[in-house]
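A.B. asks: The following file, target_36.txt, comprises compact mmCIF, C-alpha atoms and all ligand atoms:
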# COMPACT_ATOMS: atom_id res chain seq x y z
CA LEU A 1 17.00 10.62 8.70
CA LEU A 2 14.60 8.15 7.20
CA ALA A 3 11.77 7.45 9.62
CA PRO A 4 9.01 10.09 9.84
CA ASP A 5 10.38 11.00 13.28
CA GLY A 6 13.94 11.28 11.97
CA SER A 7 15.23 8.12 13.69
CA THR A 8 17.09 5.11 12.30
CA ARG A 9 15.27 2.58 14.45
CA PRO A 10 13.49 -0.42 12.87
CA THR A 11 10.19 0.33 11.14
CA ILE A 12 7.09 0.38 13.30
CA PHE A 13 6.00 -2.84 11.57
CA ALA A 14 9.16 -4.70 12.56
CA GLU A 15 9.00 -3.27 16.06
CA MET A 16 5.38 -4.23 16.70
CA SER A 17 5.81 -7.70 15.15
CA ALA A 18 8.75 -8.30 17.51
CA LEU A 19 6.66 -7.12 20.47
CA ALA A 20 3.80 -9.40 19.41
CA ALA A 21 6.18 -12.37 19.13
CA ALA A 22 7.81 -11.62 22.51
CA THR A 23 4.44 -11.40 24.30
CA GLY A 24 2.59 -14.11 22.36
CA ALA A 25 0.02 -11.51 21.26
CA ILE A 26 -2.17 -11.89 18.18
CA ASN A 27 -0.43 -9.73 15.60
CA LEU A 28 -2.93 -7.33 14.00
CA GLY A 29 -0.08 -4.87 13.51
CA GLN A 30 2.06 -5.58 10.44
CA GLY A 31 -0.15 -6.32 7.44
CA PHE A 32 0.52 -9.83 6.14
CA PRO A 33 -1.92 -12.72 5.76
CA ASP A 34 -1.83 -15.85 7.91
CA GLU A 35 -3.04 -18.13 5.12
CA ASP A 36 -1.67 -19.03 1.71
CA GLY A 37 -3.23 -17.65 -1.45
CA PRO A 38 -4.40 -19.58 -4.54
CA ALA A 39 -2.81 -23.05 -4.75
CA VAL A 40 -2.21 -22.75 -8.51
CA VAL A 41 -0.03 -19.69 -7.92
CA LEU A 42 2.08 -21.52 -5.31
CA GLU A 43 2.32 -24.57 -7.54
CA ALA A 44 3.48 -22.43 -10.47
CA ALA A 45 6.43 -21.17 -8.41
CA ARG A 46 7.40 -24.73 -7.42
CA ALA A 47 7.18 -25.78 -11.06
CA ALA A 48 9.29 -22.82 -12.21
CA ILE A 49 12.05 -23.72 -9.73
CA SER A 50 11.97 -27.35 -10.90
CA ASP A 51 12.05 -26.17 -14.51
CA GLY A 52 15.25 -24.21 -13.92
CA VAL A 53 13.82 -20.68 -13.85
CA ASN A 54 16.48 -19.75 -11.31
CA GLN A 55 18.83 -17.24 -12.96
CA TYR A 56 18.51 -13.49 -13.51
CA PRO A 57 15.33 -12.63 -15.33
CA PRO A 58 15.49 -9.80 -17.91
CA GLY A 59 16.00 -6.37 -16.31
CA ARG A 60 12.48 -5.25 -17.17
CA GLY A 61 11.03 -8.56 -15.95
CA SER A 62 10.00 -11.85 -17.50
CA VAL A 63 8.14 -11.48 -20.77
CA GLU A 64 5.38 -13.72 -19.47
CA LEU A 65 4.73 -11.56 -16.43
CA ARG A 66 4.82 -8.33 -18.42
CA LEU A 67 2.26 -9.84 -20.80
CA ALA A 68 0.11 -10.91 -17.86
CA VAL A 69 0.26 -7.41 -16.31
CA ALA A 70 -0.80 -5.95 -19.68
CA GLU A 71 -3.72 -8.42 -19.93
CA HIS A 72 -4.75 -7.65 -16.33
CA GLN A 73 -4.76 -3.87 -16.90
CA GLN A 74 -6.80 -4.37 -20.08
CA ARG A 75 -9.28 -6.77 -18.47
CA PHE A 76 -9.98 -4.82 -15.27
CA TYR A 77 -9.39 -1.20 -16.35
CA ARG A 78 -9.50 -1.07 -20.16
CA LEU A 79 -5.92 0.26 -20.13
CA ALA A 80 -3.83 -0.83 -23.13
CA LEU A 81 -0.12 -1.16 -22.34
CA ASP A 82 2.88 -2.14 -24.43
CA PRO A 83 4.67 -4.89 -22.45
CA GLU A 84 7.97 -3.99 -24.14
CA GLN A 85 8.10 -0.34 -23.14
CA GLU A 86 5.37 0.49 -20.68
CA ILE A 87 5.75 -2.19 -17.99
CA LEU A 88 8.58 -2.77 -15.52
CA ILE A 89 8.69 -5.63 -13.03
CA THR A 90 10.23 -4.73 -9.66
CA ALA A 91 11.13 -6.18 -6.26
CA GLY A 92 7.68 -5.46 -4.85
CA ALA A 93 5.81 -2.20 -4.99
CA THR A 94 8.42 -0.96 -2.51
CA GLU A 95 11.20 -1.01 -5.12
CA ALA A 96 8.89 0.42 -7.77
CA LEU A 97 8.13 3.37 -5.45
CA ALA A 98 11.79 3.86 -4.55
CA ALA A 99 13.05 3.69 -8.14
CA THR A 100 10.23 5.97 -9.35
CA LEU A 101 10.83 8.64 -6.72
CA LEU A 102 14.63 8.48 -7.14
CA ALA A 103 14.18 8.78 -10.90
CA LEU A 104 11.73 11.67 -10.86
CA VAL A 105 12.75 13.91 -7.99
CA ASP A 106 16.10 15.34 -7.07
CA GLY A 107 17.05 17.84 -4.43
CA PRO A 108 15.31 20.27 -2.10
CA ASP A 109 13.60 22.29 -4.84
CA ASP A 110 11.51 19.30 -5.85
CA GLU A 111 8.33 18.74 -3.89
CA VAL A 112 6.30 15.57 -3.56
CA VAL A 113 2.69 16.00 -2.47
CA VAL A 114 1.73 13.10 -0.22
CA PHE A 115 -1.59 12.33 1.43
CA GLU A 116 -1.09 11.90 5.14
CA PRO A 117 -1.14 9.54 7.03
CA HIS A 118 1.00 7.66 4.52
CA TYR A 119 2.84 4.38 4.14
CA ASP A 120 6.23 4.65 5.82
CA SER A 121 8.48 4.09 2.80
CA TYR A 122 7.21 7.25 1.05
CA ALA A 123 8.88 9.69 3.45
CA ALA A 124 12.06 7.60 3.46
CA CYS A 125 12.34 7.56 -0.35
CA ILE A 126 11.61 11.27 -0.62
CA ALA A 127 14.34 11.87 1.98
CA LEU A 128 16.75 9.62 0.02
CA ALA A 129 16.09 11.75 -3.06
CA GLY A 130 16.79 14.87 -0.98
CA ALA A 131 13.37 16.25 -1.95
CA ARG A 132 10.64 17.85 0.14
CA LEU A 133 7.47 16.08 1.29
CA VAL A 134 4.37 18.29 1.26
CA PRO A 135 1.61 16.63 3.27
CA VAL A 136 -2.11 16.90 2.58
CA PRO A 137 -4.08 15.63 5.58
CA LEU A 138 -6.74 12.93 5.45
CA ARG A 139 -8.96 13.34 8.50
CA TRP A 140 -11.01 11.02 10.67
CA PRO A 141 -13.47 9.49 9.98
CA LEU A 142 -13.77 9.55 6.16
CA PHE A 143 -10.13 10.28 5.32
CA GLN A 144 -10.86 12.13 2.05
CA PRO A 145 -8.67 15.17 1.30
CA ASP A 146 -10.08 18.68 1.49
CA LEU A 147 -9.95 20.01 -2.08
CA ASP A 148 -8.83 23.51 -1.02
CA GLU A 149 -5.96 22.08 1.03
CA LEU A 150 -5.01 19.92 -1.96
CA ARG A 151 -5.06 22.93 -4.30
CA ARG A 152 -2.83 24.90 -1.93
CA ALA A 153 -0.32 22.03 -1.70
CA VAL A 154 0.23 21.61 -5.46
CA THR A 155 2.40 24.35 -7.01
CA ASP A 156 4.92 24.69 -9.83
CA ARG A 157 7.49 23.18 -7.44
CA THR A 158 5.47 19.96 -7.32
CA ARG A 159 7.22 17.22 -9.28
CA VAL A 160 5.08 14.34 -8.09
CA ILE A 161 1.63 13.86 -6.58
CA LEU A 162 1.81 10.51 -4.80
CA VAL A 163 -1.53 8.74 -4.45
CA ASN A 164 -2.28 5.54 -2.52
CA ASP A 165 -5.72 4.23 -3.43
CA PRO A 166 -7.11 2.11 -1.72
CA HIS A 167 -5.24 3.71 1.14
CA ASN A 168 -2.96 2.29 3.81
CA PRO A 169 -3.44 2.90 6.75
CA THR A 170 -6.97 4.37 6.59
CA GLY A 171 -8.69 2.06 4.07
CA SER A 172 -10.26 5.04 2.29
CA MET A 173 -10.75 5.15 -1.47
CA PHE A 174 -10.65 8.51 -3.22
CA SER A 175 -13.90 9.86 -4.66
CA ALA A 176 -14.19 10.55 -8.41
CA GLU A 177 -14.14 14.25 -7.56
CA VAL A 178 -10.81 13.95 -5.73
CA ARG A 179 -9.29 11.86 -8.54
CA ALA A 180 -10.39 14.42 -11.13
CA GLU A 181 -8.93 17.30 -9.11
CA ILE A 182 -5.59 15.48 -8.79
CA VAL A 183 -5.44 15.12 -12.58
CA ARG A 184 -6.43 18.77 -13.14
CA LEU A 185 -3.76 20.00 -10.73
CA ALA A 186 -1.09 17.75 -12.23
CA GLU A 187 -1.89 19.11 -15.69
CA ARG A 188 -1.94 22.73 -14.54
CA HIS A 189 1.42 22.44 -12.74
CA ASP A 190 3.01 19.89 -15.04
CA ALA A 191 3.44 17.33 -12.26
CA ILE A 192 3.67 13.57 -12.54
CA ILE A 193 1.13 11.40 -10.74
CA VAL A 194 2.46 8.26 -9.06
CA THR A 195 -0.16 5.84 -7.79
CA ASP A 196 0.33 3.02 -5.30
CA GLU A 197 -2.48 0.56 -6.00
CA VAL A 198 -1.30 -2.52 -4.11
CA TYR A 199 -4.80 -2.94 -2.61
CA GLU A 200 -6.54 -2.68 -6.00
CA HIS A 201 -8.41 -5.98 -5.52
CA LEU A 202 -9.29 -5.21 -1.91
CA ALA A 203 -11.98 -2.67 -2.83
CA PHE A 204 -15.13 -3.74 -1.03
CA ASP A 205 -18.06 -1.55 -1.92
CA ARG A 206 -17.21 -0.21 -5.37
CA PRO A 207 -14.58 -1.18 -7.92
CA HIS A 208 -11.14 0.38 -7.81
CA VAL A 209 -10.63 3.02 -10.52
CA PRO A 210 -7.02 3.75 -11.51
CA ILE A 211 -6.18 7.42 -12.07
CA ALA A 212 -4.20 6.41 -15.19
CA GLY A 213 -7.51 5.81 -16.95
CA ALA A 214 -8.67 9.42 -16.54
CA GLU A 215 -8.63 11.86 -19.44
CA GLY A 216 -5.35 13.78 -19.30
CA ALA A 217 -3.71 11.41 -16.78
CA ARG A 218 -2.34 8.68 -19.02
CA GLY A 219 0.71 10.56 -20.32
CA ARG A 220 1.80 11.71 -16.87
CA THR A 221 1.01 8.80 -14.56
CA ILE A 222 3.10 5.93 -13.24
CA SER A 223 0.87 3.25 -11.70
CA ILE A 224 2.40 0.85 -9.19
CA SER A 225 1.07 -2.40 -7.80
CA SER A 226 2.23 -5.83 -6.70
CA GLY A 227 1.16 -9.44 -6.32
CA GLY A 228 1.78 -9.52 -2.57
CA LYS A 229 -1.65 -8.51 -1.28
CA THR A 230 -3.87 -9.94 -4.03
CA PHE A 231 -2.31 -13.42 -3.93
CA SER A 232 -1.18 -13.48 -0.27
CA THR A 233 2.47 -13.68 -1.31
CA THR A 234 3.90 -10.65 0.52
CA GLY A 235 7.25 -12.42 0.92
CA TRP A 236 7.75 -12.92 -2.81
CA LYS A 237 8.18 -9.21 -3.51
CA ILE A 238 7.00 -9.13 -7.10
CA GLY A 239 5.70 -5.71 -8.11
CA TRP A 240 5.36 -3.57 -11.20
CA ALA A 241 5.28 -0.03 -12.50
CA THR A 242 3.32 0.86 -15.63
CA GLY A 243 3.14 4.09 -17.58
CA PRO A 244 4.34 5.99 -20.64
CA ALA A 245 7.57 4.67 -22.18
CA PRO A 246 9.82 7.67 -21.36
CA LEU A 247 8.79 7.63 -17.69
CA ILE A 248 9.24 3.88 -17.38
CA GLU A 249 12.64 4.19 -19.05
CA ALA A 250 13.68 6.67 -16.34
CA VAL A 251 12.51 4.25 -13.64
CA VAL A 252 14.42 1.37 -15.31
CA ALA A 253 17.57 3.50 -15.26
CA VAL A 254 17.42 3.62 -11.46
CA LYS A 255 16.01 0.13 -10.86
CA GLN A 256 18.88 -1.51 -12.74
CA TYR A 257 21.27 -0.28 -10.04
CA LEU A 258 19.02 -1.11 -7.10
CA THR A 259 18.45 -4.82 -7.78
CA TYR A 260 18.90 -5.18 -11.56
CA SER A 261 16.26 -7.94 -11.43
CA GLY A 262 14.95 -10.56 -9.04
CA GLY A 263 12.44 -13.23 -8.03
CA ALA A 264 12.86 -15.32 -11.22
CA PRO A 265 10.58 -18.27 -10.35
CA PHE A 266 7.99 -16.04 -8.69
CA GLN A 267 7.49 -13.92 -11.79
CA PRO A 268 5.76 -16.58 -13.92
CA ALA A 269 3.82 -17.68 -10.83
CA ILE A 270 2.39 -14.18 -10.35
CA ALA A 271 1.58 -14.24 -14.08
CA VAL A 272 -0.58 -17.31 -13.38
CA GLY A 273 -2.29 -15.35 -10.60
CA LEU A 274 -2.98 -12.32 -12.80
CA ARG A 275 -4.58 -14.64 -15.36
CA LEU A 276 -6.98 -16.27 -12.89
CA PRO A 277 -10.63 -15.99 -13.95
CA ASP A 278 -12.81 -13.08 -12.77
CA GLU A 279 -14.51 -15.34 -10.21
CA ALA A 280 -11.20 -15.99 -8.46
CA PHE A 281 -10.61 -12.24 -8.05
CA ALA A 282 -14.19 -11.79 -6.85
CA ALA A 283 -13.61 -14.53 -4.26
CA ILE A 284 -10.47 -12.80 -2.98
CA THR A 285 -12.35 -9.50 -2.65
CA ALA A 286 -15.30 -11.21 -0.94
CA SER A 287 -13.08 -12.98 1.56
CA TYR A 288 -11.46 -9.69 2.61
CA ARG A 289 -14.86 -7.96 2.72
CA ALA A 290 -16.03 -10.61 5.21
CA LYS A 291 -12.88 -10.09 7.30
CA ARG A 292 -13.43 -6.32 7.25
CA ASP A 293 -17.00 -6.76 8.46
CA LEU A 294 -16.07 -9.24 11.19
CA LEU A 295 -13.18 -7.12 12.50
CA GLY A 296 -15.24 -3.89 12.40
CA GLU A 297 -18.09 -5.51 14.33
CA GLY A 298 -15.69 -6.93 16.93
CA LEU A 299 -13.84 -3.63 17.39
CA ARG A 300 -17.14 -1.79 17.83
CA THR A 301 -18.27 -4.31 20.43
CA ALA A 302 -14.94 -3.89 22.23
CA GLY A 303 -15.74 -0.18 22.62
CA PHE A 304 -13.75 1.54 19.86
CA ASP A 305 -15.15 4.11 17.43
CA VAL A 306 -14.62 2.48 14.03
CA SER A 307 -14.02 4.09 10.62
CA THR A 308 -15.34 1.47 8.19
CA PRO A 309 -12.76 1.11 5.39
CA ASP A 310 -13.76 1.04 1.70
CA GLY A 311 -10.74 -1.10 0.93
CA SER A 312 -7.29 -2.39 1.97
CA TYR A 313 -6.15 -4.80 4.69
CA PHE A 314 -6.82 -2.33 7.50
CA THR A 315 -9.36 -0.77 9.85
CA VAL A 316 -8.67 2.45 11.76
CA VAL A 317 -10.31 3.05 15.13
CA ASP A 318 -10.41 5.86 17.65
CA ALA A 319 -9.29 4.48 21.02
CA ALA A 320 -10.36 7.63 22.92
CA PRO A 321 -13.67 6.07 24.08
CA LEU A 322 -11.53 3.48 25.90
CA GLY A 323 -9.55 6.18 27.67
CA ALA A 324 -6.53 6.35 25.33
CA THR A 325 -4.84 9.73 24.99
CA ASP A 326 -1.67 8.62 23.16
CA ALA A 327 -2.00 5.89 20.50
CA ASP A 328 1.73 5.18 20.57
CA ALA A 329 1.71 4.40 24.29
CA PHE A 330 -1.62 2.55 23.90
CA CYS A 331 -0.14 0.26 21.18
CA ARG A 332 3.03 -0.39 23.16
CA GLU A 333 0.94 -1.53 26.16
CA LEU A 334 -1.75 -3.37 24.18
CA PRO A 335 0.08 -6.72 23.76
CA ALA A 336 0.58 -7.00 27.55
CA ARG A 337 -2.87 -5.62 28.45
CA ALA A 338 -4.99 -7.46 25.90
CA GLY A 339 -2.79 -9.93 23.99
CA VAL A 340 -3.21 -8.11 20.68
CA ALA A 341 -0.77 -5.96 18.67
CA ALA A 342 -1.75 -2.96 16.52
CA ILE A 343 -0.08 0.08 14.96
CA PRO A 344 -0.54 3.72 16.07
CA LEU A 345 -1.47 6.07 13.22
CA THR A 346 1.12 8.52 14.52
CA ALA A 347 3.69 6.22 12.85
CA PHE A 348 2.36 7.34 9.45
CA VAL A 349 2.42 11.12 9.91
CA THR A 350 4.88 14.00 9.92
CA PRO A 351 5.97 14.49 13.56
CA THR A 352 4.50 18.00 13.73
CA HIS A 353 1.04 16.61 12.85
CA ARG A 354 0.95 13.83 15.42
CA ALA A 355 -1.60 15.60 17.60
CA ASP A 356 -4.27 15.26 14.88
CA TYR A 357 -3.96 11.47 15.00
CA ALA A 358 -3.17 11.12 18.71
CA THR A 359 -5.76 8.46 19.59
CA LEU A 360 -6.10 6.60 16.27
CA VAL A 361 -4.98 2.99 15.88
CA ARG A 362 -4.74 0.66 12.86
CA PHE A 363 -5.75 -3.01 13.05
CA ALA A 364 -4.95 -5.46 10.23
CA ALA A 365 -7.88 -7.57 8.99
CA CYS A 366 -5.81 -9.95 6.84
CA LYS A 367 -6.08 -12.85 9.30
CA ARG A 368 -8.22 -15.99 9.58
CA GLU A 369 -11.73 -15.29 10.82
CA ASP A 370 -11.22 -17.33 14.01
CA VAL A 371 -8.08 -15.28 14.73
CA LEU A 372 -9.97 -12.00 14.22
CA SER A 373 -12.77 -13.19 16.52
CA GLU A 374 -10.32 -14.26 19.21
CA ALA A 375 -8.47 -10.92 18.93
CA THR A 376 -11.60 -8.79 19.30
CA SER A 377 -12.89 -10.88 22.18
CA ARG A 378 -9.52 -10.36 23.93
CA LEU A 379 -9.88 -6.61 23.33
CA SER A 380 -13.09 -6.56 25.37
CA VAL A 381 -10.92 -6.48 28.55
CA LEU A 382 -10.22 -2.82 27.71
CA ARG A 383 -13.76 -1.72 28.54
N1 LIG B 1 2.48 0.31 -0.56
C1 LIG B 1 1.58 0.11 0.40
C2 LIG B 1 0.51 1.12 0.61
C3 LIG B 1 1.65 -1.04 1.19
O1 LIG B 1 0.77 -1.23 2.16
C4 LIG B 1 2.66 -1.97 0.94
C5 LIG B 1 2.75 -3.25 1.72
N2 LIG B 1 2.86 -3.11 3.05
C6 LIG B 1 3.59 -1.71 -0.05
C7 LIG B 1 3.47 -0.57 -0.79
C8 LIG B 1 4.71 -2.64 -0.33
O2 LIG B 1 4.36 -3.58 -1.26
P1 LIG B 1 5.38 -4.77 -1.64
O3 LIG B 1 5.30 -5.74 -0.50
O4 LIG B 1 4.86 -5.28 -2.91
O5 LIG B 1 6.73 -4.17 -1.74
N1 LIG B 2 2.56 -3.14 4.26
C1 LIG B 2 2.58 -3.69 5.56
C2 LIG B 2 1.81 -2.82 6.52
O1 LIG B 2 1.49 -1.69 6.22
C3 LIG B 2 3.95 -3.87 6.17
C4 LIG B 2 5.10 -3.92 5.27
C5 LIG B 2 6.39 -3.78 6.04
O2 LIG B 2 6.57 -4.41 7.08
N2 LIG B 2 7.24 -2.94 5.57
O3 LIG B 2 1.55 -3.29 7.59
When written as structure tokens, how does the structure in this file appear?
C.D. replies:
Amino acid sequence: LLAPDGSTRPTIFAEMSALAAATGAINLGQGFPDEDGPAVVLEAARAAISDGVNQYPPGRGSVELRLAVAEHQQRFYRLALDPEQEILITAGATEALAATLLALVDGPDDEVVVFEPHYDSYAACIALAGARLVPVPLRWPLFQPDLDELRRAVTDRTRVILVNDPHNPTGSMFSAEVRAEIVRLAERHDAIIVTDEVYEHLAFDRPHVPIAGAEGARGRTISISSGGKTFSTTGWKIGWATGPAPLIEAVVAVKQYLTYSGGAPFQPAIAVGLRLPDEAFAAITASYRAKRDLLGEGLRTAGFDVSTPDGSYFTVVDAAPLGATDADAFCRELPARAGVAAIPLTAFVTPTHRADYATLVRFAACKREDVLSEATSRLSVLR
């Protein structure tokens, strides 16, 4: 019983990508870029393959990449990490999340507080660990949690508070007040904070601030990210988990039996990416900011109500002004009606909460600007 609705069918991303392919629709559903990232990163992978970096890397990841992650965390967030003990390289953020949750929670007495809507693998991993997911809703249009609801959700049964900032699917970024409350609650109830920060460099209006940097958070936080979004290499699946040595050791204990290690030539290539100069990161952020603005403008013109995202690959709209009453049905018909694919937000919520998200739809902005323009002009047939 892995999907939020208890089914074993393919993920909504696979399903909508297949529908887009079958109908020839522009795929603004599954979030993956349609252009390559920095050429030096791609070249570094080619060079590594030619240089024979093709066998198992060390279980904790190549030394070079762990050093590069440490340098990156120091440069952007002033976080000092020991590459020997406090950094683990994984098969994408997905494996880091799975190994972390399997390592930290066990059985129905353990609760994981999750902000909802949430990325689909969270519920699946919590189910695999046999633990209980306790949702805290993020509501249209700002998608910030209500602090009282958050306080009620965190109890002594809470093992993990799982944070995704910047957030998929809503694009929200948590306020300083929300981050501080998460840390306070974790301290009070002795919970561990796990953060999914894969969109850390897609923060458009203010810099991303990792919770691990907050007073009191460092010793109880596992931070997770990956190279997929930042460097447009989602198919490489190189991610990492960072945190205090004993917590990382527990994650290693699980990870070694999931994949042991992987992606040998891609690891030094992502290290090259993480060492790019500040201007290269600023250019990546600026390019996605421009895509966000273009997509938002086009969706508004097409007649949707738009929640402008602070970060991430995504923009959430309300399709009710265009007559939609059920986002799932709307997204299933959209490729045939308008030649565009998108994802219903109901795919990211506990089935009993679907009504609160009934008319909300997620569009991916990680496409070429001409593709985004063509997609939104196609959507104007819905008016
Ligand atoms: N977390 C979130 C919030 C994501 O959007 C994604 C990518 N879709 C992942 C994790 C997975 O990252 P990776 O591809 O590095 O496994
Ligand atoms: N992260 C991507 C998204 O949210 C999809 C990843 C996947 O297909 N599992 O669209």
A.B. asks: When you count only C-alpha atoms and all ligand atoms, which of these residues is closest to ligand LIG 1 (chain B): A:Glu297, A:Glu71, A:Glu111, A:Asp165?
C.D. replies: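 When distances to ligand LIG 1 (chain B) are compared using only C-alpha atoms and all ligand atoms, the smallest one comes from A:Asp165.
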A.B. asks: Can you tell me, as lines of an AutoDock Vina configuration file, the centre and edge lengths (Å, one decimal) of the axis-aligned box enclosing all of region 320-330 of chain A's listed atoms after padding each side by 8 Å?
C.D. replies:
center_x = -6.0
center_y = 6.1
center_z = 24.1
size_x = 31.4
size_y = 23.2
size_z = 23.2
A.B. asks: Listing only residues of chain A within 6 Å of ligand LIG 2 (chain B), what is the closest atom pair and its distance in Å (to one decimal) for each, using only C-alpha atoms and all ligand atoms, sorted by chain and residue number ascending, as a Markdown table?
C.D. replies:
| residue | atom | partner | partner_atom | distance |
| --- | --- | --- | --- | --- |
| A:Phe13 | CA | B:LIG2 | O2 | 4.8 |
| A:Gln30 | CA | B:LIG2 | O3 | 3.7 |
| A:Gly31 | CA | B:LIG2 | O3 | 3.5 |
A.B. asks: Residues within 6 Å of ligand LIG 1 (chain B), counting all atoms listed in the file: report them as number ranges by chain.
C.D. replies: A: 92-94, 119, 168, 196, 198, 226, 228, 234, 237, 239
A.B. asks: Compile the contact shell of Pro246 (chain A) as an MDAnalysis selection string: residues with an atom at most 12 Å away, counting all atoms listed in the file, same-chain residues fewer than 5 positions apart removed.
C.D. replies: chainID A and resid 85:87 103:104 219:222 251:253
A.B. asks: Can you list, as a list in words, every protein, DNA or RNA residue that comes within 9 Å of Ala212 (chain A) when you count all atoms listed in the file, leaving out same-chain residues fewer than 3 positions away?
C.D. replies: Leu79, Ile193, Thr195, Val209, Glu215, Gly216, Ala217, Arg218, Gly219, Arg220, Thr221, Ile222, Ser223 and Gly243 of chain A
A.B. asks: Please dump the current selection as a short mmCIF file (atom, residue, chain, number, x, y, z; two decimals), in the coordinates of the input; keep C-alpha atoms.
C.D. replies:
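Saved the output as again-v8.cif:
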data_model
loop_
_atom_site.label_atom_id
_atom_site.label_comp_id
_atom_site.auth_asym_id
_atom_site.auth_seq_id
_atom_site.Cartn_x
_atom_site.Cartn_y
_atom_site.Cartn_z
CA LEU A 79 -5.92 0.26 -20.13
CA ILE A 193 1.13 11.40 -10.74
CA THR A 195 -0.16 5.84 -7.79
CA VAL A 209 -10.63 3.02 -10.52
CA GLU A 215 -8.63 11.86 -19.44
CA GLY A 216 -5.35 13.78 -19.30
CA ALA A 217 -3.71 11.41 -16.78
CA ARG A 218 -2.34 8.68 -19.02
CA GLY A 219 0.71 10.56 -20.32
CA ARG A 220 1.80 11.71 -16.87
CA THR A 221 1.01 8.80 -14.56
CA ILE A 222 3.10 5.93 -13.24
CA SER A 223 0.87 3.25 -11.70
CA GLY A 243 3.14 4.09 -17.58
#
A.B. asks: Using all atoms listed in the file, find all polymer residues with an atom at most 9 Å away from the point (13.8, 5.6, -12.4); report them as a list in words.
C.D. replies: Ala96, Ala98, Ala99, Thr100, Leu101, Leu102, Ala103, Leu104, Leu247, Ile248, Glu249, Ala250, Val251, Val252, Ala253, Val254, Lys255 and Gln256 of chain A
A.B. asks: May I ask which of the residues A:Leu97, A:Ile161, A:Leu322, A:Ala271 is the closest one to Ala70 (chain A), counting only C-alpha atoms?
C.D. replies: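 Of the candidates, the smallest distance to Ala70 (chain A) is held by A:Ala271.
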A.B. asks: I'd like the contact shell of Gly323 (chain A) - 12 Å cut-off, only C-alpha atoms, skipping same-chain residues fewer than 6 positions apart - returned as a list in words.
C.D. replies: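 Those residues are Gly303, Phe304, Asp305, Ala329, Phe330, Thr359, Leu360, Leu382 and Arg383 of chain A.
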A.B. asks: For the selection you just gave me, I'd like the residues written to a file as a PDB file, keeping the file's coordinate frame, keeping C-alpha atoms.
C.D. replies:
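Final output, saved to selection-v1.pdb:
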ATOM      1  CA  GLY A 303     -15.740  -0.180  22.620  1.00  0.00           C
ATOM      2  CA  PHE A 304     -13.750   1.540  19.860  1.00  0.00           C
ATOM      3  CA  ASP A 305     -15.150   4.110  17.430  1.00  0.00           C
ATOM      4  CA  ALA A 329       1.710   4.400  24.290  1.00  0.00           C
ATOM      5  CA  PHE A 330      -1.620   2.550  23.900  1.00  0.00           C
ATOM      6  CA  THR A 359      -5.760   8.460  19.590  1.00  0.00           C
ATOM      7  CA  LEU A 360      -6.100   6.600  16.270  1.00  0.00           C
ATOM      8  CA  LEU A 382     -10.220  -2.820  27.710  1.00  0.00           C
ATOM      9  CA  ARG A 383     -13.760  -1.720  28.540  1.00  0.00           C
TER      10      ARG A 383
END
A.B. asks: So, counting all atoms listed in the file, which residue among A:Pro166, A:Gly171, A:Pro210, A:Gly59 is closest to Ser261 (chain A)?
C.D. replies: A:Gly59
A.B. asks: To one decimal place, how far is CA of Val40 (chain A) from CA of Gln267 (chain A) in Å?
C.D. replies: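 If I compute the distance from CA of Val40 (chain A) to CA of Gln267 (chain A), I get 13.5 Å.
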A.B. asks: Could you check the closest approach to Pro268 (chain A) for each of A:Asp51, A:Asp356, A:Asp293, A:Glu116 and tell me which residue wins, using only C-alpha atoms?
C.D. replies: A:Asp51
A.B. asks: Between A:Glu181, A:Asp326, A:Glu200, A:Asp82, which is the closest to Asp148 (chain A) once you count all atoms listed in the file?
C.D. replies: A:Glu181
